Amino acid sequence: MRTLALLLCIAASAAAAEKESKISDGVVKIGVLTDMSGYYSDIAGSGSVTAAKMAVEDFGGKMLGKPIEIISADHQNKADIASNTARKWFDEEKVDAIADLVSSSTAGAVMPVAAEKKRITLLSGPATTAFTGEKCTAYNVHYTYDNWALANGTGREVVRQGGDSWFFVTADYIFGKSLEEDTSKVVKAAGGKVLGAARHPSPGTTDFSSFLLQAQASGAKIIGLANAGLDTVSCIKQAKEFNITPKQSLAGLLVFISDVHALGLDVAKGMYLTTAFYWDLNDETRKWSKRFFERQGKMPTMVQAGVYSEIRHYLEAIKAAGTDDADAVMAKMKATPVNDFFAKNGRIGPDGLHRHEMYLAQVKSPEESKHPWDYYKILKTIPAAEAFPTVEQQNCPLVKK
Amino acid sequence: MKAAPWVERLGYAILVVAGLVAPFVVYPVFAMNVLCFALFASAFNLLLGYTGLLSFGHAAYLGAAGYVTGYACKAWGWPPLFGIALGTLVATALGYIIGSLAIRRSGIYFAMITMSFAQLIFFLAVQFPWTGGEDGLQGVPRGTLFGLVDLSRNLPLYYFVYAVFLFGFAVIHRTIHSPFGHVLRSIRENEARALSLGYDVARYKLLAFVLSAALSGLAGATKSLVFQLASLTDVHWHMSGQVVLMTLLGGMGTVLGPSVGALLVVALQNELASLGSWVPVITGAIFVVCVLAFRRGIVGEVQALVKRSF
């Protein structure tokens with residue numbers, strides 16, 4: 001069976017090579033639409049643009065004799081600016097694909113526009129699980145992580161490690177509530193208990209004392225932070241100030257290496273988190289990350305590494321298909337496994353979700369950290385099948401049952 | 001003193017033609033964005049420029065109408081025209097409720113009351129499950145007009161938005177030049193005197209408020225169809241501030257000023273988008289220059305110049 005598939009693959013690529021190159025408008029143009037100045041500029045931002053440029057350079061800068069171009073813009077985390085920019089890019093600038101789209105609201109605004117115009121969205125930054133579920137489109141790949149993976153990775157593993165009673169500090173809006181809900185389900189399914197939740201207004205809360213004291217009073221072993229960005233950072237800092245940690249452990253549900261870097265190990269130590277990428281995993285990741293570091297001055301976050309990998313995969317799919325026609329490229333991207341420093345044997349499902357290994361990590365204490373950016377202890381590699389929901393669970397309307 | 005009627009008519013005719021050819025010159029979605037904001041700012045100007053009431057919560061009507069229209073078109077599958085009508089109706093009702101409470105006070109208190117109600121609407125938009133919270137209401141279908149014209153294409157939609165804008169603008173123009181508009185101006189100039197002349201000032205203010213809210217709603221409802229999106233940006237107090245900026249830049253209390261201001265601000269945001277967070281800094285600097293150097297706004301200064309020269 002496998003040999004047959006291999007033969008078919010070879011035959012297909014040979015056929016593709018014979019086809020004359022079909023690159024629309026004589027250029028492959030990829031737009032990186034991200035947050036260049038706001039909350040998420042550290043996890044994505046200019047680092048995503050650097051990663052995208054690296055991907056193009058590593059590819060050789062040319063596609064079937066035509067140039068590859070990267071453009072970028074700041075969506076300021078506003079859905080309207082994102083959709084407006086995307087429309088302009090598709091209509092006027094002949095952009096073939098948009099990458100990153102950090103923050104779910106912007107991705108959700110751009111995806112339908114792209115699908116309508118048959119252009120591809122390569123999501124790396126956003127978290128919403130529904131992008132490959134009820135909101136799925138035929139021209140979308142959700143590449144790096146989603147809420148489901150975070151809730152499962154951190155939730156299940158932390159319970160397994162003995163953290164079986166939870167209290168949530170939740171950002172009081174849809175993202176926070178759905179993350180809390182997802183994680184609660186996972187915790188209960190794994191045999192843990194959820195003792196309660198304190199919901200704080202967001203954004204804009206700077207004093208988390210009352211929420212954290214509720215968490216402390218609950219006596220839960222684990223305090224789950226169902227919030228993001230500044231909220232999470234403030235929670236972690238204040239939990240330390242109230243001496244809540246290390247008696248109770250924090251589980252950040254959406255934490256990036258840049259957050260840990262900003263907090264410092266002394267504050268963040270002991271925290272559990274789930275990540276799709278860590279620079280210090282193996283020689284391959286170290287090699288790529290050091291190159292990234294030379295250009296950006298920071299180690300890459302999982303979002304930035306994801307941007308590199310997804311663009312690389314997209315370019316290779318164009319090469320294999322011999323055209324940048326969105327339907328053909330999507331088919332190729334879904335048919336070909338991803339194998340690079342970011343993912344081993346990652347598979348993009350018919351719903352557009354990229355299923356790959358995730359890692360459960362714990363933040364090191366300052367004593368354990370041997371060199372700069374040595375922040376995570378990888379506790380466990382979560383296999384792709386466990387890390388992400390199945391196609392059936394996702395319930396994407398495009399996938400026929 | 002005032003330009004001859006034929007000059008004014010010629011001027012308007014040129015502008016109308018310019019609006020007709022605009023989508024062939026600039027990107028249609030940009031043009032539609034300008035039209036929506038021009039209508040919004042003009043509606044706001046009716047209150048600030050002609051009645052002298054500074055509302056700091058006009059985003060509430062823009063945003064609420066956008067959400068309602070978006071929801072009606074998306075969840076109930078309403079045709080765009082009905083969706084817009086419902087959105088405008090909701091904004092009108094909101095305007096009536098908030099307006100009848102707010103006009104009891106004036107000056108800074110009026111501004112604060114309108115702002116706090118707008119914050120209330122913002123909170124509801126964040127919390128209601130049907131608004132999609134921070135994700136907004138996405139993928140609103142543009143639909144077809146009368147079941148005939150496909151609005152998902154940019155060009156037909158542009159002319160639809162243009163028609164909506166002209167309708168709204170005509171209503172404002174008519175209001176300003178009616179006896180009602182004169183009473184509004186007299187309230188702006190001297191409320192006590194208007195009262196002593198026997199005008200029921202509160203009712204006039206309320207009517208102006210409701211009218212302004214309704215037209216802001218019309219702008220917001222249309223905008224949600226253009227972008228296929230209703231988001232928190234539209235109900236955020238920044239939006240309330242932005243409309244003040246547009247109106248003052250273009251010229252408060254002039255018919256065309258707010259539209260010019262809207263064009264300027266939207267064009268700046270568009271051109272400077274790559275600079276990201278520098279946009280508010282630059283628009284802020286322009287605002288400071290405007291307030292210091294030409295207080296009447298662009299159109300106001302031009303009018304004053306014309307008046308001096310002839």
# chains A, B, ... in the order shown; residues from 1 in each chain; ligands from 1
call {"tool": "residues_around", "arguments": {"residues": "Leu47 in chain B", "least_positions_apart": "5", "cutoff": "12 Å", "atoms": "only C-alpha atoms", "output": "PDB file with C-alpha atoms, in the first residue's frame"}}
result
ATOM      1  CA  PHE B  40     -21.662  58.911  10.668  1.00  0.00           C
ATOM      2  CA  ALA B  41     -19.754  62.170  11.105  1.00  0.00           C
ATOM      3  CA  SER B  42     -22.490  64.167   9.379  1.00  0.00           C
ATOM      4  CA  GLY B  52     -24.340  72.410  20.285  1.00  0.00           C
ATOM      5  CA  LEU B  53     -24.590  69.102  22.121  1.00  0.00           C
ATOM      6  CA  LEU B  54     -21.324  67.189  22.502  1.00  0.00           C
ATOM      7  CA  SER B  55     -22.247  63.536  22.729  1.00  0.00           C
ATOM      8  CA  PHE B  56     -19.354  61.314  23.634  1.00  0.00           C
ATOM      9  CA  GLY B  57     -21.169  58.078  23.050  1.00  0.00           C
ATOM     10  CA  HIS B  58     -22.091  57.981  19.410  1.00  0.00           C
ATOM     11  CA  GLY B  95     -31.162  57.157  20.856  1.00  0.00           C
ATOM     12  CA  GLY B  99     -31.304  60.883  24.656  1.00  0.00           C
ATOM     13  CA  ILE B 103     -30.655  65.962  27.542  1.00  0.00           C
ATOM     14  CA  ALA B 111     -21.048  64.213  27.537  1.00  0.00           C
ATOM     15  CA  ILE B 172     -29.428  65.926   7.203  1.00  0.00           C
ATOM     16  CA  THR B 175     -33.108  69.066   8.520  1.00  0.00           C
ATOM     17  CA  ILE B 176     -30.476  71.773   8.710  1.00  0.00           C
ATOM     18  CA  GLY B 181     -32.907  73.342  11.909  1.00  0.00           C
ATOM     19  CA  LEU B 184     -31.724  73.953  16.682  1.00  0.00           C
ATOM     20  CA  ARG B 185     -29.211  76.642  15.810  1.00  0.00           C
ATOM     21  CA  ILE B 187     -30.675  76.599  20.877  1.00  0.00           C
ATOM     22  CA  ARG B 188     -26.986  76.265  20.134  1.00  0.00           C
ATOM     23  CA  TYR B 204     -36.134  69.905  20.022  1.00  0.00           C
ATOM     24  CA  LYS B 205     -32.965  68.589  21.581  1.00  0.00           C
ATOM     25  CA  LEU B 206     -34.428  65.132  21.950  1.00  0.00           C
ATOM     26  CA  LEU B 207     -35.587  65.054  18.353  1.00  0.00           C
ATOM     27  CA  ALA B 208     -32.152  66.170  17.143  1.00  0.00           C
ATOM     28  CA  PHE B 209     -30.565  63.510  19.337  1.00  0.00           C
ATOM     29  CA  VAL B 210     -32.817  60.750  18.048  1.00  0.00           C
ATOM     30  CA  LEU B 211     -32.307  61.826  14.452  1.00  0.00           C
ATOM     31  CA  SER B 212     -28.558  61.858  14.917  1.00  0.00           C
ATOM     32  CA  ALA B 213     -28.609  58.432  16.576  1.00  0.00           C
ATOM     33  CA  ALA B 214     -30.789  57.006  13.820  1.00  0.00           C
ATOM     34  CA  LEU B 215     -28.498  58.237  11.051  1.00  0.00           C
ATOM     35  CA  SER B 216     -25.441  57.020  12.935  1.00  0.00           C
ATOM     36  CA  VAL B 243     -16.098  60.948  15.135  1.00  0.00           C
ATOM     37  CA  VAL B 244     -15.451  64.099  17.191  1.00  0.00           C
ATOM     38  CA  THR B 247     -16.151  66.561  12.661  1.00  0.00           C
ATOM     39  CA  MET B 252     -18.049  71.674  12.839  1.00  0.00           C
ATOM     40  CA  GLY B 253     -21.369  73.167  11.863  1.00  0.00           C
ATOM     41  CA  THR B 254     -20.726  73.019   8.128  1.00  0.00           C
ATOM     42  CA  PRO B 258     -17.709  66.129   8.534  1.00  0.00           C
TER      43      PRO B 258
END
call {"tool": "select_by_dssp", "arguments": {"residues": "range 95-300 of chain B", "states": "helix (DSSP H, G or I)", "output": "PyMOL selection string"}}
result
chain B and resi 95-102+108-127+129-131+133-135+154-176+179-189+191-196+201-227+232-234+237-250+257-271+273-275+278-293+297-300
call {"tool": "write_last_selection", "arguments": {"atoms": "C-alpha atoms", "output": "compact mmCIF listing (two decimals), in the first residue's frame"}}
result
# COMPACT_ATOMS: atom_id res chain seq x y z
CA GLY B 95 -31.16 57.16 20.86
CA TYR B 96 -34.61 57.86 22.27
CA ILE B 97 -33.93 56.11 25.58
CA ILE B 98 -30.43 57.50 26.10
CA GLY B 99 -31.30 60.88 24.66
CA SER B 100 -34.34 61.46 26.85
CA LEU B 101 -32.18 60.88 29.91
CA ALA B 102 -29.08 62.71 28.72
CA ILE B 108 -19.71 68.05 30.48
CA TYR B 109 -22.49 66.18 32.31
CA PHE B 110 -24.27 65.54 29.05
CA ALA B 111 -21.05 64.21 27.54
CA MET B 112 -20.40 61.97 30.52
CA ILE B 113 -23.92 60.54 30.55
CA THR B 114 -23.81 59.70 26.85
CA MET B 115 -20.38 58.20 27.31
CA SER B 116 -21.40 56.02 30.23
CA PHE B 117 -24.39 54.69 28.30
CA ALA B 118 -22.07 53.94 25.40
CA GLN B 119 -19.80 52.03 27.76
CA LEU B 120 -22.85 50.08 28.86
CA ILE B 121 -23.53 49.12 25.26
CA PHE B 122 -19.87 48.19 24.86
CA PHE B 123 -20.13 45.93 27.90
CA LEU B 124 -23.22 44.25 26.47
CA ALA B 125 -21.42 43.73 23.17
CA VAL B 126 -18.56 42.02 25.01
CA GLN B 127 -20.82 39.87 27.15
CA PRO B 129 -23.23 35.39 23.49
CA TRP B 130 -24.71 36.39 20.14
CA THR B 131 -22.30 39.26 19.49
CA GLY B 133 -17.45 38.97 22.17
CA GLU B 134 -13.99 40.04 21.13
CA ASP B 135 -14.25 38.01 17.93
CA ASN B 154 -17.77 45.42 -4.73
CA LEU B 155 -19.13 47.65 -7.47
CA PRO B 156 -22.87 47.03 -7.01
CA LEU B 157 -22.39 47.28 -3.26
CA TYR B 158 -20.64 50.59 -3.69
CA TYR B 159 -23.60 52.10 -5.49
CA PHE B 160 -25.93 50.70 -2.88
CA VAL B 161 -23.84 52.29 -0.10
CA TYR B 162 -23.66 55.49 -2.12
CA ALA B 163 -27.44 55.58 -2.38
CA VAL B 164 -27.75 55.04 1.37
CA PHE B 165 -25.25 57.82 1.97
CA LEU B 166 -27.06 60.24 -0.36
CA PHE B 167 -30.34 59.44 1.38
CA GLY B 168 -28.84 60.07 4.82
CA PHE B 169 -27.07 63.19 3.64
CA ALA B 170 -30.26 64.53 2.06
CA VAL B 171 -32.12 64.00 5.33
CA ILE B 172 -29.43 65.93 7.20
CA HIS B 173 -29.33 68.68 4.60
CA ARG B 174 -33.10 69.01 4.72
CA THR B 175 -33.11 69.07 8.52
CA ILE B 176 -30.48 71.77 8.71
CA PRO B 179 -37.35 75.78 10.32
CA PHE B 180 -36.59 72.96 12.73
CA GLY B 181 -32.91 73.34 11.91
CA HIS B 182 -33.10 77.06 12.59
CA VAL B 183 -34.58 76.38 16.00
CA LEU B 184 -31.72 73.95 16.68
CA ARG B 185 -29.21 76.64 15.81
CA SER B 186 -30.95 79.12 18.04
CA ILE B 187 -30.68 76.60 20.88
CA ARG B 188 -26.99 76.26 20.13
CA GLU B 189 -26.47 80.01 20.18
CA GLU B 191 -30.63 78.15 24.87
CA ALA B 192 -32.22 80.46 27.43
CA ARG B 193 -33.38 82.83 24.75
CA ALA B 194 -34.83 80.03 22.65
CA LEU B 195 -36.72 78.89 25.72
CA SER B 196 -37.97 82.38 26.45
CA VAL B 201 -36.13 73.24 23.95
CA ALA B 202 -36.05 69.78 25.49
CA ARG B 203 -38.20 68.31 22.76
CA TYR B 204 -36.13 69.90 20.02
CA LYS B 205 -32.96 68.59 21.58
CA LEU B 206 -34.43 65.13 21.95
CA LEU B 207 -35.59 65.05 18.35
CA ALA B 208 -32.15 66.17 17.14
CA PHE B 209 -30.56 63.51 19.34
CA VAL B 210 -32.82 60.75 18.05
CA LEU B 211 -32.31 61.83 14.45
CA SER B 212 -28.56 61.86 14.92
CA ALA B 213 -28.61 58.43 16.58
CA ALA B 214 -30.79 57.01 13.82
CA LEU B 215 -28.50 58.24 11.05
CA SER B 216 -25.44 57.02 12.94
CA GLY B 217 -27.21 53.68 13.12
CA LEU B 218 -27.83 53.77 9.39
CA ALA B 219 -24.10 54.31 8.87
CA GLY B 220 -23.19 51.49 11.25
CA ALA B 221 -25.70 49.08 9.71
CA THR B 222 -24.32 49.76 6.24
CA LYS B 223 -20.76 49.45 7.46
CA SER B 224 -21.41 45.99 8.88
CA LEU B 225 -22.52 44.84 5.43
CA VAL B 226 -19.52 46.38 3.70
CA PHE B 227 -17.01 44.68 5.96
CA LEU B 232 -16.03 45.86 19.22
CA THR B 233 -14.09 48.61 17.46
CA ASP B 234 -17.38 50.15 16.44
CA TRP B 237 -15.17 54.79 23.02
CA HIS B 238 -12.26 55.37 20.65
CA MET B 239 -14.86 55.42 17.91
CA SER B 240 -16.84 58.07 19.78
CA GLY B 241 -13.65 60.11 19.96
CA GLN B 242 -12.82 59.53 16.34
CA VAL B 243 -16.10 60.95 15.14
CA VAL B 244 -15.45 64.10 17.19
CA LEU B 245 -12.05 64.32 15.51
CA MET B 246 -13.53 63.91 12.03
CA THR B 247 -16.15 66.56 12.66
CA LEU B 248 -13.74 69.09 14.11
CA LEU B 249 -11.09 68.49 11.44
CA GLY B 250 -13.54 68.93 8.60
CA GLY B 257 -17.14 69.48 6.82
CA PRO B 258 -17.71 66.13 8.53
CA SER B 259 -17.51 64.29 5.21
CA VAL B 260 -14.21 65.98 4.41
CA GLY B 261 -12.96 65.15 7.90
CA ALA B 262 -14.05 61.53 7.48
CA LEU B 263 -12.27 61.30 4.13
CA LEU B 264 -9.12 62.72 5.66
CA VAL B 265 -9.09 60.50 8.73
CA VAL B 266 -9.97 57.30 6.86
CA ALA B 267 -7.41 58.07 4.14
CA LEU B 268 -4.76 58.70 6.78
CA GLN B 269 -5.57 55.44 8.53
CA ASN B 270 -5.42 53.67 5.22
CA GLU B 271 -2.16 55.20 4.02
CA ALA B 273 -1.69 51.48 8.19
CA SER B 274 1.82 50.08 7.85
CA LEU B 275 2.98 52.35 10.65
CA TRP B 278 1.68 55.60 14.95
CA VAL B 279 -1.64 56.30 13.26
CA PRO B 280 -3.35 57.72 16.37
CA VAL B 281 -0.22 59.73 17.17
CA ILE B 282 -0.21 61.31 13.72
CA THR B 283 -3.95 61.96 13.64
CA GLY B 284 -3.62 63.38 17.13
CA ALA B 285 -0.86 65.73 16.02
CA ILE B 286 -2.96 66.85 13.07
CA PHE B 287 -5.82 67.46 15.45
CA VAL B 288 -3.65 69.63 17.67
CA VAL B 289 -2.44 71.63 14.67
CA CYS B 290 -6.02 71.99 13.51
CA VAL B 291 -7.27 73.25 16.86
CA LEU B 292 -4.36 75.68 17.20
CA ALA B 293 -4.12 76.97 13.64
CA GLY B 297 -11.87 73.09 10.46
CA ILE B 298 -10.98 72.67 6.80
CA VAL B 299 -14.35 73.48 5.29
CA GLY B 300 -15.01 76.18 7.86
call {"tool": "residues_around", "arguments": {"residues": "range 194-205 of chain A", "least_positions_apart": "6", "cutoff": "8 Å", "atoms": "only C-alpha atoms", "output": "list of chain:residue names"}}
result
A:Ser165, A:Trp166, A:Phe167, A:Phe168, A:Val169, A:Thr170, A:Ala171, A:Asp172, A:Tyr173, A:Ser184, A:Val187, A:Lys188, A:Phe211, A:Gln214, A:Ala215, A:Ser218, A:Ala220, A:Asp231
call {"tool": "closest_residue", "arguments": {"among": "A:Ala151, A:Ala138, A:Ile174, A:Leu281", "to": "Phe128 in chain B", "atoms": "only C-alpha atoms"}}
result
A:Ile174
call {"tool": "residues_around", "arguments": {"residues": "Asp74 in chain A", "least_positions_apart": "2", "cutoff": "12 Å", "atoms": "only C-alpha atoms", "output": "short mmCIF file (atom, residue, chain, number, x, y, z; two decimals) with C-alpha atoms, in the first residue's frame"}}
result
data_model
loop_
_atom_site.label_atom_id
_atom_site.label_comp_id
_atom_site.auth_asym_id
_atom_site.auth_seq_id
_atom_site.Cartn_x
_atom_site.Cartn_y
_atom_site.Cartn_z
CA GLY A 31 1.20 38.62 3.20
CA VAL A 32 2.09 38.42 6.86
CA LEU A 33 -0.79 40.05 8.70
CA THR A 34 0.07 40.35 12.36
CA ASP A 35 0.19 42.53 15.42
CA MET A 36 3.24 44.73 15.07
CA SER A 37 2.71 47.00 18.04
CA GLY A 38 0.14 45.66 20.50
CA TYR A 40 0.81 40.12 20.67
CA SER A 41 3.73 41.85 18.98
CA ALA A 44 4.23 37.20 16.62
CA GLY A 45 4.90 40.69 15.25
CA SER A 46 8.13 41.46 13.48
CA SER A 48 6.76 36.46 12.28
CA VAL A 49 7.85 38.63 9.37
CA ILE A 71 4.66 41.83 2.44
CA SER A 72 3.43 42.61 5.91
CA GLN A 76 -3.60 46.23 15.45
CA ASN A 77 -5.67 43.29 16.71
CA LYS A 78 -8.74 44.82 15.16
CA ALA A 79 -10.97 42.61 13.10
CA ASP A 80 -12.10 45.44 10.85
CA ILE A 81 -8.57 46.56 10.01
CA ALA A 82 -7.59 42.95 9.34
CA SER A 83 -10.49 42.27 7.00
CA ASN A 84 -9.98 45.60 5.24
CA THR A 85 -6.28 44.93 4.70
CA ALA A 86 -6.94 41.38 3.53
CA ASP A 100 0.06 34.31 10.92
CA LEU A 101 -3.13 36.27 11.75
CA VAL A 102 -2.40 36.29 15.45
CA THR A 106 -8.59 39.00 13.10
CA GLN B 269 -5.57 55.44 8.53
CA ASN B 270 -5.42 53.67 5.22
CA LEU B 272 -0.42 54.97 7.35
CA ALA B 273 -1.69 51.48 8.19
CA SER B 274 1.82 50.08 7.85
CA LEU B 275 2.98 52.35 10.65
CA GLY B 276 0.57 50.66 13.05
CA SER B 277 0.23 52.40 16.35
CA TRP B 278 1.68 55.60 14.95
CA VAL B 279 -1.64 56.30 13.26
#
